[in-house]
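Beneath this line is the structure, given in C-alpha cells, with notes to follow.
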Amino acid sequence: MKNKELEAQVDLLLDRGVLSQFFPTKEEFRKELLSGKKLRFYIGADPTAKALHLGHAQNLLVLEDFRKLGHEVIFLIGDFTGMIGDPSDKSAARVTQTRADVEANFAQWKKQTEAILTYDDAENPVQLKYNSEWLGKLNFAEVLELASNFTVQQMLERDMFDKRLKEGRPIYVHEFMYPLMQGYDSVAMDVDVELCGTDQIFNALAGRTLMQKLKGKDKFVIATTLIADEKTNMLMSKSNGTGVFLDLDANDLFGAIMSQPDGMLRPLFIGCTRIDIAKVEEYMQLENPRDAKIILAHELVRIFHGGEAAQIAQENFINTFSKKEIPDDAPAYTPKWVEMYDAHENVMDFMVSAGLALSKGDARRKVDQKGVSIDGEVVESGTMTLSPDLHDGKIMKVGKRNFIKIVFEK
RNA sequence: GGGUCGGUGGCAGAGUGGUCAAAUGCACCUGACUGUAAAUCAGGCGUCUUCGGACUUCGGGGGUUCAAAUCCCUCCCGGCCCA
C-alpha cells in the first residue's frame with residue numbers, strides 16, 4: 001500500500017517535465033528512489049550575485065520535493081568555486097570575492113529561499129554547506145592527484161571550451177580546474193545524487209567520474225531543464241530582459257511575471273509551481289493567455305510572499321495596468337524647499353531626488369517625451385515648480401509603472 | 001624570449017588628426033498600438049544648461065599640435081603566432 005503511494009509520488013516528480021536528463025538512466029534512478037534507501041542529494045550555486053532568480057527557484061523546488069520524500073538534501077554554497085567563476089564568461093573568471101561578500105550575498109539568498117526550502121524542519125532540514133570548507137584545504141599535491149583523473153581532451157569536450165578555442169578566445173588554465181572542484185564537492189560530501197541545470201551537466205559528470213574513481217560509487221546526476229521560451233528558445237535571463245529575481249517585492253514580482261513573453265508560461269508553470277499538470281494544460285488552453293499569466297503570477301507571488309500579498313499584488317496590477325488606475329500605495333516623497341528660488345523643487349529636480357530619473361537630463365527627456373504626469377495630467381514643462389497648494393497628495397507617474405505620491409510637510 | 005595585433009560608452013563593435021559626445025547591434029528609457037507583454041512603429045540613451053552652449057569621457061601618465069579616441073614617449077593589461 002505504502003509502496004504504491006511512494007511510487008505515485010516519485011513518478012509525479014520524475015514525469016512533471018522539470019527533470020530532463022538522468023545519468024546513468026531514468027529507470028535506474030527511479031529504482032533507487034523506490035528502494036527505500038535514504039539518499040543524499042545536493043545542489044550547488046555560486047554566490048556571485050545578490051539575488052537568485054527563478055531558474056534557481058525551479059531547482060530548489062525539486063530539492064525540496066526530494067526532501068519531502070525523506071531524503072537528505074544539501075544546499076551547497078560555492079564560496080570557493082565562486083572565487084574562480086564558472087568559465088561561462090571571461091569577465092567572471094577574474095572576479096574575486098571576499099568572504100564578506102559571500103556571506104552578505106548568502107544572507108540575502110536565505111531570505112529569498114525560505115519560502116521554498118525548509119531550513120528549520122526538526123527531523124530533516126535542508127542542510128547548508130560551503131565548499132571552501134574542503135576545497136580550501138586541498139594542497140597542491142592533492143590537486144594534482146585529482147587532476148590526474150582527467151585528460152585535457154576530456155576537458156576540451158566541454159562546448160564552452162571548444163567554442164572558445166575555435167573563436168581564438170582565451171581559456172585560462174585555472175578554468176580547467178572548475179569541473180574538478182565541482183566534482184570534488186561530490187566526493188567531499190559523499191553524495192548520492194547531484195541536481196543541476198542542463199548547463200552544468202559537464203561539471204556534474206566530472207564529479208561522477210571522481211566518485212567512481214575515488215569512492216567506487218555511482219553518483220546520479222539529474223539535470224533540470226533551463227527555463228526557456230517555448231517559441232523562441234530564448235533562455236530566461238537578465239540579458240534577454242526576462243530574468244526574474246527573487247528579491248522583488250510582491251508587486252514587482254507580479255509585474256515581472258506578467259511581462260514575460262507568452263512562450264514562458266508553460267515552462268514557468270511546470271518548473272516554478274507545483275500546480276497539477278492537468279490543471280496547467282487547462283490554463284494553457286484559456287483563450288486569453290493573459291488570464292493564464294495572472295494565475296501564474298498570483299501563484300508565484302503566493303509562494304514567495306504569501307496568499308494575502310498575492311491577492312493585493314493582483315489587484316494592484318489590474319488597477320494599475322489594465323484599468324490604468326493609480327495605485328493607492330505609491331511611496332511618498334517630499335519635495336525639497338529650495339532657498340535660492342524661494343520655492344519648492346521643480347518637477348525635474350523632484351524626479352531626480354525621488355529616484356524617478358537618473359539625472360536632470362534624463363528627467364528633462366522624460367518630460368519632453370510626455371512620460372510624466374501628475375494625477376493624470378501630462379506635465380508639459382520640467383521647470384514647473386511643485387507647490388503645496390496645487391500638488392499636495394497628488395500622484396506623479398513616470399513611465400508606465402513608476403509612481404510617487406507628492407507629500408508636502410505640514 | 002621573439003614577432004605581431006589589440007585595450008573605445010552597460011556589453012559587443014566601428015572610428016585612426018578637425019565634420020566625434022564617438023557609427024551600428026544588443027540591453028535600457030519614453031510614447032503609440034495591444035492582452036501587460038512580445039512583435040511593430042516613433043523618439044531617446046555622459047553631466048549641467050539661462051537651450052546659445054559649457055564641462056568631463058575612448059587602459060594610466062606625459063608630450064606634439066591652433067586642434068588628439070586618432071600622432072609620439074612611457075607604463076600597465078590582454079589575444080594570436082613562433083621558440
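Residues in the C-alpha cells are named by chain (A, B, ... in the order shown) and by number from 1 within that chain; ligands are numbered from 1 in the order shown.
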List every residue of chain B that has an atom at most 10 Å from any atom of chain A, and for each one report the closest atom pair and its distance in Å to one decimal, counting only C-alpha atoms (C1' of nucleotides), with rows sorted by chain and then by increasing residue number, as JSON lines.
```
{"residue": "B:C11", "atom": "C1'", "partner": "A:Ser239", "partner_atom": "CA", "distance": 9.5}
{"residue": "B:C26", "atom": "C1'", "partner": "A:Ser239", "partner_atom": "CA", "distance": 8.6}
{"residue": "B:A27", "atom": "C1'", "partner": "A:Ser239", "partner_atom": "CA", "distance": 6.5}
{"residue": "B:C28", "atom": "C1'", "partner": "A:Gly241", "partner_atom": "CA", "distance": 9.6}
{"residue": "B:C29", "atom": "C1'", "partner": "A:Lys366", "partner_atom": "CA", "distance": 8.2}
{"residue": "B:U30", "atom": "C1'", "partner": "A:Gln369", "partner_atom": "CA", "distance": 5.6}
{"residue": "B:G31", "atom": "C1'", "partner": "A:Gln369", "partner_atom": "CA", "distance": 6.5}
{"residue": "B:G35", "atom": "C1'", "partner": "A:Arg290", "partner_atom": "CA", "distance": 5.8}
{"residue": "B:U36", "atom": "C1'", "partner": "A:Met258", "partner_atom": "CA", "distance": 5.8}
{"residue": "B:A37", "atom": "C1'", "partner": "A:Ser259", "partner_atom": "CA", "distance": 4.6}
{"residue": "B:A38", "atom": "C1'", "partner": "A:Pro261", "partner_atom": "CA", "distance": 5.3}
{"residue": "B:G43", "atom": "C1'", "partner": "A:Gln369", "partner_atom": "CA", "distance": 7.7}
{"residue": "B:G44", "atom": "C1'", "partner": "A:Arg365", "partner_atom": "CA", "distance": 7.2}
{"residue": "B:C45", "atom": "C1'", "partner": "A:Asp362", "partner_atom": "CA", "distance": 8.6}
{"residue": "B:G46", "atom": "C1'", "partner": "A:Gly361", "partner_atom": "CA", "distance": 9.8}
{"residue": "B:U47", "atom": "C1'", "partner": "A:Gly361", "partner_atom": "CA", "distance": 7.9}
{"residue": "B:C48", "atom": "C1'", "partner": "A:Lys360", "partner_atom": "CA", "distance": 8.2}
{"residue": "B:U49", "atom": "C1'", "partner": "A:Gly361", "partner_atom": "CA", "distance": 9.7}
{"residue": "B:G78", "atom": "C1'", "partner": "A:Pro170", "partner_atom": "CA", "distance": 9.5}
{"residue": "B:G79", "atom": "C1'", "partner": "A:Arg169", "partner_atom": "CA", "distance": 7.3}
{"residue": "B:C80", "atom": "C1'", "partner": "A:Gly168", "partner_atom": "CA", "distance": 7.6}
```
Practice problem: Enumerate as a ChimeraX atom specification all residues of region 167-349 of chain A assigned to helix (DSSP H, G or I) by DSSP on the backbone, naming them with the chain letters and numbers the document uses. | Solution: /A:167,173-189,198-215,250-258,262-272,277-284,289-305,307-322,339-341,347-349
Same residues, C-alpha atoms, output as a JSON list (two decimals), in the first residue's frame:
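Saved file out28.json follows:
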```json
[["chain", "number", "residue", "atom", "x", "y", "z"],
["A", 167, "GLU", "CA", 36.97, 31.53, -31.75],
["A", 173, "VAL", "CA", 44.36, 27.10, -17.03],
["A", 174, "HIS", "CA", 42.51, 27.61, -13.78],
["A", 175, "GLU", "CA", 39.23, 27.35, -15.64],
["A", 176, "PHE", "CA", 40.03, 23.76, -16.36],
["A", 177, "MET", "CA", 40.00, 23.30, -12.64],
["A", 178, "TYR", "CA", 36.41, 24.32, -12.28],
["A", 179, "PRO", "CA", 34.84, 20.97, -13.19],
["A", 180, "LEU", "CA", 37.41, 19.37, -10.96],
["A", 181, "MET", "CA", 36.41, 21.45, -8.00],
["A", 182, "GLN", "CA", 32.73, 20.93, -8.55],
["A", 183, "GLY", "CA", 33.46, 17.26, -8.93],
["A", 184, "TYR", "CA", 35.36, 17.14, -5.69],
["A", 185, "ASP", "CA", 32.37, 18.63, -3.89],
["A", 186, "SER", "CA", 30.55, 15.37, -4.55],
["A", 187, "VAL", "CA", 33.40, 13.37, -3.13],
["A", 188, "ALA", "CA", 33.79, 15.54, -0.06],
["A", 189, "MET", "CA", 30.11, 15.36, 0.78],
["A", 198, "THR", "CA", 21.49, 21.10, -18.05],
["A", 199, "ASP", "CA", 24.25, 23.66, -18.48],
["A", 200, "GLN", "CA", 26.07, 22.11, -15.54],
["A", 201, "ILE", "CA", 25.98, 18.51, -16.71],
["A", 202, "PHE", "CA", 29.60, 18.51, -17.77],
["A", 203, "ASN", "CA", 30.77, 19.62, -14.34],
["A", 204, "ALA", "CA", 28.44, 17.25, -12.58],
["A", 205, "LEU", "CA", 29.68, 14.36, -14.65],
["A", 206, "ALA", "CA", 33.24, 15.21, -13.70],
["A", 207, "GLY", "CA", 32.03, 14.62, -10.17],
["A", 208, "ARG", "CA", 30.52, 11.33, -11.23],
["A", 209, "THR", "CA", 33.86, 10.25, -12.64],
["A", 210, "LEU", "CA", 35.66, 11.24, -9.46],
["A", 211, "MET", "CA", 33.15, 9.41, -7.31],
["A", 212, "GLN", "CA", 33.69, 6.28, -9.32],
["A", 213, "LYS", "CA", 37.46, 6.54, -9.20],
["A", 214, "LEU", "CA", 37.92, 7.64, -5.62],
["A", 215, "LYS", "CA", 34.99, 6.03, -3.89],
["A", 250, "ALA", "CA", 5.18, 41.23, -4.31],
["A", 251, "ASN", "CA", 4.04, 43.91, -6.74],
["A", 252, "ASP", "CA", 7.19, 43.86, -8.81],
["A", 253, "LEU", "CA", 7.27, 40.09, -8.92],
["A", 254, "PHE", "CA", 3.71, 40.04, -10.15],
["A", 255, "GLY", "CA", 4.54, 42.60, -12.83],
["A", 256, "ALA", "CA", 7.70, 40.78, -13.82],
["A", 257, "ILE", "CA", 5.73, 37.60, -14.47],
["A", 258, "MET", "CA", 3.06, 39.47, -16.40],
["A", 262, "ASP", "CA", 3.69, 34.03, -23.69],
["A", 263, "GLY", "CA", 6.14, 31.27, -24.51],
["A", 264, "MET", "CA", 7.46, 31.37, -20.96],
["A", 265, "LEU", "CA", 4.09, 30.44, -19.49],
["A", 266, "ARG", "CA", 4.24, 26.66, -19.57],
["A", 267, "PRO", "CA", 7.91, 26.37, -18.56],
["A", 268, "LEU", "CA", 7.27, 28.58, -15.56],
["A", 269, "PHE", "CA", 4.11, 26.76, -14.55],
["A", 270, "ILE", "CA", 5.89, 23.46, -14.70],
["A", 271, "GLY", "CA", 9.20, 24.49, -13.23],
["A", 272, "CYS", "CA", 8.33, 27.04, -10.62],
["A", 277, "ILE", "CA", -0.03, 19.25, -14.71],
["A", 278, "ALA", "CA", -3.54, 18.60, -15.94],
["A", 279, "LYS", "CA", -4.57, 21.90, -14.45],
["A", 280, "VAL", "CA", -1.66, 23.66, -16.13],
["A", 281, "GLU", "CA", -2.72, 22.32, -19.51],
["A", 282, "GLU", "CA", -6.20, 23.59, -18.80],
["A", 283, "TYR", "CA", -4.82, 27.06, -18.15],
["A", 284, "MET", "CA", -2.78, 26.90, -21.31],
["A", 289, "PRO", "CA", -3.04, 33.96, -22.33],
["A", 290, "ARG", "CA", -3.11, 36.96, -20.10],
["A", 291, "ASP", "CA", -5.51, 35.17, -17.82],
["A", 292, "ALA", "CA", -3.18, 32.20, -17.52],
["A", 293, "LYS", "CA", -0.38, 34.62, -16.80],
["A", 294, "ILE", "CA", -2.37, 36.19, -14.00],
["A", 295, "ILE", "CA", -2.86, 32.76, -12.46],
["A", 296, "LEU", "CA", 0.84, 32.09, -12.77],
["A", 297, "ALA", "CA", 1.84, 35.45, -11.33],
["A", 298, "HIS", "CA", -0.59, 35.02, -8.48],
["A", 299, "GLU", "CA", 0.75, 31.56, -7.67],
["A", 300, "LEU", "CA", 4.37, 32.67, -7.72],
["A", 301, "VAL", "CA", 3.72, 35.67, -5.53],
["A", 302, "ARG", "CA", 1.78, 33.39, -3.21],
["A", 303, "ILE", "CA", 4.74, 31.03, -2.96],
["A", 304, "PHE", "CA", 7.23, 33.76, -2.14],
["A", 305, "HIS", "CA", 5.14, 36.33, -0.32],
["A", 307, "GLY", "CA", -1.62, 34.48, -0.21],
["A", 308, "GLU", "CA", -2.64, 37.86, 1.03],
["A", 309, "ALA", "CA", 0.24, 39.62, -0.72],
["A", 310, "ALA", "CA", -0.63, 37.75, -3.90],
["A", 311, "GLN", "CA", -4.20, 39.00, -3.76],
["A", 312, "ILE", "CA", -3.11, 42.57, -3.19],
["A", 313, "ALA", "CA", -0.48, 42.42, -5.90],
["A", 314, "GLN", "CA", -3.01, 41.12, -8.35],
["A", 315, "GLU", "CA", -5.49, 43.85, -7.55],
["A", 316, "ASN", "CA", -2.79, 46.48, -7.84],
["A", 317, "PHE", "CA", -1.72, 45.11, -11.14],
["A", 318, "ILE", "CA", -5.18, 45.05, -12.60],
["A", 319, "ASN", "CA", -5.93, 48.52, -11.38],
["A", 320, "THR", "CA", -2.64, 49.98, -12.49],
["A", 321, "PHE", "CA", -2.19, 48.42, -15.85],
["A", 322, "SER", "CA", -5.45, 47.05, -17.10],
["A", 339, "GLU", "CA", 16.20, 78.55, -0.63],
["A", 340, "MET", "CA", 17.63, 80.18, -3.72],
["A", 341, "TYR", "CA", 14.35, 80.27, -5.58],
["A", 347, "VAL", "CA", 9.44, 68.79, -11.46],
["A", 348, "MET", "CA", 12.84, 67.72, -12.82],
["A", 349, "ASP", "CA", 14.72, 68.14, -9.57]]
```
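Contact shell of region 67-77 of chain B at 9 Å (only C-alpha atoms (C1' of nucleotides); same-chain neighbours under 6 positions omitted): G7, U8, G15, U16, G17, G18, C20, A22, C58, G59, G60 and G61 of chain B.
Reported to one decimal place, the separation of C1' of G9 (chain B) from CA of Thr383 (chain A) is 29.1 Å.
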Quiz item: Which neighbours of region 2-11 of chain A fall inside 12 Å, counting only C-alpha atoms (C1' of nucleotides), when residues of the same chain fewer than 4 positions from it are skipped, and could you give them as a list in words?
Solution: Asp15, Arg16, Gly17, Leu19, Lys26, Glu27, Phe29, Arg30, Lys31, Glu32, Leu33, Leu34, Ser35, Gly36, Val62, Asp65, Phe66, Lys68, Leu69 and Gly70 of chain A
Write the residues of the selection above to a file with C-alpha atoms, as a PDB file, in the first residue's frame.
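Once written, selection_8.pdb looks like this:
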```
ATOM      1  CA  ASP A  15       7.447  12.978 -15.096  1.00  0.00           C
ATOM      2  CA  ARG A  16       6.466  16.531 -14.361  1.00  0.00           C
ATOM      3  CA  GLY A  17       8.788  17.799 -17.057  1.00  0.00           C
ATOM      4  CA  LEU A  19      13.790  16.865 -14.848  1.00  0.00           C
ATOM      5  CA  LYS A  26      15.984   7.494 -15.507  1.00  0.00           C
ATOM      6  CA  GLU A  27      14.979   3.899 -14.841  1.00  0.00           C
ATOM      7  CA  PHE A  29      17.248   6.472 -10.669  1.00  0.00           C
ATOM      8  CA  ARG A  30      13.601   5.583 -10.264  1.00  0.00           C
ATOM      9  CA  LYS A  31      14.523   2.193  -8.939  1.00  0.00           C
ATOM     10  CA  GLU A  32      16.867   3.768  -6.412  1.00  0.00           C
ATOM     11  CA  LEU A  33      14.168   6.139  -5.236  1.00  0.00           C
ATOM     12  CA  LEU A  34      11.754   3.273  -4.741  1.00  0.00           C
ATOM     13  CA  SER A  35      14.304   1.131  -2.923  1.00  0.00           C
ATOM     14  CA  GLY A  36      13.556   2.849   0.345  1.00  0.00           C
ATOM     15  CA  VAL A  62      12.954  19.969  -6.826  1.00  0.00           C
ATOM     16  CA  ASP A  65      10.482  17.760  -3.240  1.00  0.00           C
ATOM     17  CA  PHE A  66      13.139  15.174  -2.548  1.00  0.00           C
ATOM     18  CA  LYS A  68       9.791  15.836   1.479  1.00  0.00           C
ATOM     19  CA  LEU A  69      10.247  12.308   0.236  1.00  0.00           C
ATOM     20  CA  GLY A  70      12.542  11.854   3.203  1.00  0.00           C
TER      21      GLY A  70
END
```
